[in-house]
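Shown below: query.cif, with mmCIF, C-alpha atoms and all ligand atoms; chains and numbers go by the auth columns.
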data_my_file
loop_
_atom_site.group_PDB
_atom_site.id
_atom_site.type_symbol
_atom_site.label_atom_id
_atom_site.label_comp_id
_atom_site.label_asym_id
_atom_site.label_seq_id
_atom_site.Cartn_x
_atom_site.Cartn_y
_atom_site.Cartn_z
_atom_site.B_iso_or_equiv
_atom_site.auth_seq_id
_atom_site.auth_asym_id
ATOM 1 C CA MET A 1 15.468 -9.659 13.699 0.00 30 A
ATOM 2 C CA SER A 2 17.628 -10.875 16.589 0.00 31 A
ATOM 3 C CA ASP A 3 20.485 -11.462 14.163 0.00 32 A
ATOM 4 C CA TYR A 4 20.618 -7.761 13.380 0.00 33 A
ATOM 5 C CA LYS A 5 21.557 -4.635 15.272 0.00 34 A
ATOM 6 C CA PHE A 6 20.573 -1.070 14.443 0.00 35 A
ATOM 7 C CA ILE A 7 23.100 1.415 13.124 0.00 36 A
ATOM 8 C CA ALA A 8 22.429 4.718 14.854 0.00 37 A
ATOM 9 C CA GLY A 9 22.147 7.633 12.476 0.00 38 A
ATOM 10 C CA ALA A 10 22.382 5.549 9.310 0.00 39 A
ATOM 11 C CA VAL A 11 20.248 6.665 6.374 0.00 40 A
ATOM 12 C CA CYS A 12 18.798 4.112 3.975 0.00 41 A
ATOM 13 C CA PRO A 13 19.919 4.803 0.365 0.00 42 A
ATOM 14 C CA MET A 14 16.674 3.334 -0.917 0.00 43 A
ATOM 15 C CA CYS A 15 13.899 4.957 1.122 0.00 44 A
ATOM 16 C CA GLY A 16 15.862 7.646 2.960 0.00 45 A
ATOM 17 C CA ASP A 17 14.677 6.557 6.377 0.00 46 A
ATOM 18 C CA MET A 18 16.978 7.301 9.272 0.00 47 A
ATOM 19 C CA ASP A 19 17.693 4.765 12.018 0.00 48 A
ATOM 20 C CA SER A 20 16.064 2.003 9.966 0.00 49 A
ATOM 21 C CA ILE A 21 19.298 0.391 8.815 0.00 50 A
ATOM 22 C CA THR A 22 20.324 -2.753 10.624 0.00 51 A
ATOM 23 C CA LEU A 23 23.636 -4.568 10.488 0.00 52 A
ATOM 24 C CA LYS A 24 23.875 -8.313 10.688 0.00 53 A
ATOM 25 C CA ASN A 25 25.701 -9.525 13.761 0.00 54 A
ATOM 26 C CA ASP A 26 28.516 -11.001 11.679 0.00 55 A
ATOM 27 C CA ASP A 27 28.825 -7.652 9.838 0.00 56 A
ATOM 28 C CA SER A 28 28.234 -9.330 6.482 0.00 57 A
ATOM 29 C CA GLU A 29 25.028 -7.607 5.508 0.00 58 A
ATOM 30 C CA ILE A 30 22.935 -4.511 6.070 0.00 59 A
ATOM 31 C CA LYS A 31 19.177 -4.353 5.916 0.00 60 A
ATOM 32 C CA CYS A 32 16.507 -1.660 6.073 0.00 61 A
ATOM 33 C CA ILE A 33 13.441 -2.472 8.114 0.00 62 A
ATOM 34 C CA SER A 34 11.344 0.159 6.341 0.00 63 A
ATOM 35 C CA CYS A 35 11.690 -0.951 2.714 0.00 64 A
ATOM 36 C CA ASN A 36 13.422 -4.339 3.024 0.00 65 A
ATOM 37 C CA TYR A 37 16.497 -2.999 1.247 0.00 66 A
ATOM 38 C CA SER A 38 19.422 -5.297 1.909 0.00 67 A
ATOM 39 C CA LYS A 39 23.013 -5.419 0.753 0.00 68 A
ATOM 40 C CA GLN A 40 26.195 -7.330 1.368 0.00 69 A
ATOM 41 C CA LYS A 41 28.410 -5.110 3.463 0.00 70 A
ATOM 42 C CA ASP A 42 31.404 -5.182 1.118 0.00 71 A
ATOM 43 C CA ALA A 43 29.313 -4.145 -1.864 0.00 72 A
ATOM 44 C CA GLU A 44 29.884 -0.824 -3.572 0.00 73 A
ATOM 45 C CA GLU A 45 26.551 0.597 -2.498 0.00 74 A
ATOM 46 C CA ILE A 46 27.303 0.370 1.188 0.00 75 A
ATOM 47 C CA LYS A 47 29.519 3.391 0.758 0.00 76 A
ATOM 48 C CA SER A 48 26.393 5.426 0.111 0.00 77 A
ATOM 49 C CA ILE A 49 25.121 4.603 3.591 0.00 78 A
ATOM 50 C CA LYS A 50 25.563 7.737 5.579 0.00 79 A
ATOM 51 C CA ILE A 51 26.291 7.309 9.255 0.00 80 A
ATOM 52 C CA ILE A 52 25.943 10.460 11.290 0.00 81 A
ATOM 53 C CA ASN A 53 27.873 10.638 14.511 0.00 82 A
ATOM 54 C CA ASP A 54 26.733 13.002 17.203 0.00 83 A
HETATM 55 ZN ZN ZN B . 14.906 1.702 3.384 0.00 1 B
#
Turn the structure described in the file into structure tokens.
Ligand SMILES: [Zn+2]
Amino acid sequence: MSDYKFIAGAVCPMCGDMDSITLKNDDSEIKCISCNYSKQKDAEEIKSIKIIND
């Protein structure tokens, strides 16, 4: 997991878990640690990732 960093406030589109989405260090891919959902960052579905800023 050292190649990934957490995205604060991000909600997984697959399982709905918050703060479980990680971003690969080269920003090429996102991954959920709860359900193993993963996606290339430039894919259409990444737009459904909701990032909540405080
Ligand atoms: Zn998930």
Q. Expanded to explicit residues, what is the PyMOL selection byres (((not hetatm)) within 7 of (chain B and resi 1)) for this file, as a ChimeraX atom specification?
A. /A:41-46,49,61-66
Q. Distance CA of Ile78 (chain A)-CA of Tyr33 (chain A), one decimal place?
A. 16.4 Å
Would you pick out the contacts of Ile36 (chain A) at 10 Å or less, using only C-alpha atoms, so that residues sharing its chain but fewer than 5 positions from it are not included, and give the list as a short mmCIF file (atom, residue, chain, number, x, y, z; two decimals) with C-alpha atoms, in the frame of the given file?
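The result, stored in selection.cif:
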data_model
loop_
_atom_site.label_atom_id
_atom_site.label_comp_id
_atom_site.auth_asym_id
_atom_site.auth_seq_id
_atom_site.Cartn_x
_atom_site.Cartn_y
_atom_site.Cartn_z
CA MET A 47 16.98 7.30 9.27
CA ASP A 48 17.69 4.76 12.02
CA SER A 49 16.06 2.00 9.97
CA ILE A 50 19.30 0.39 8.82
CA THR A 51 20.32 -2.75 10.62
CA LEU A 52 23.64 -4.57 10.49
CA ILE A 59 22.94 -4.51 6.07
CA ILE A 80 26.29 7.31 9.26
CA ILE A 81 25.94 10.46 11.29
#
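CA of Glu58 (chain A) to CA of Lys79 (chain A) spans 15.4 Å [interatomic distance, one decimal].
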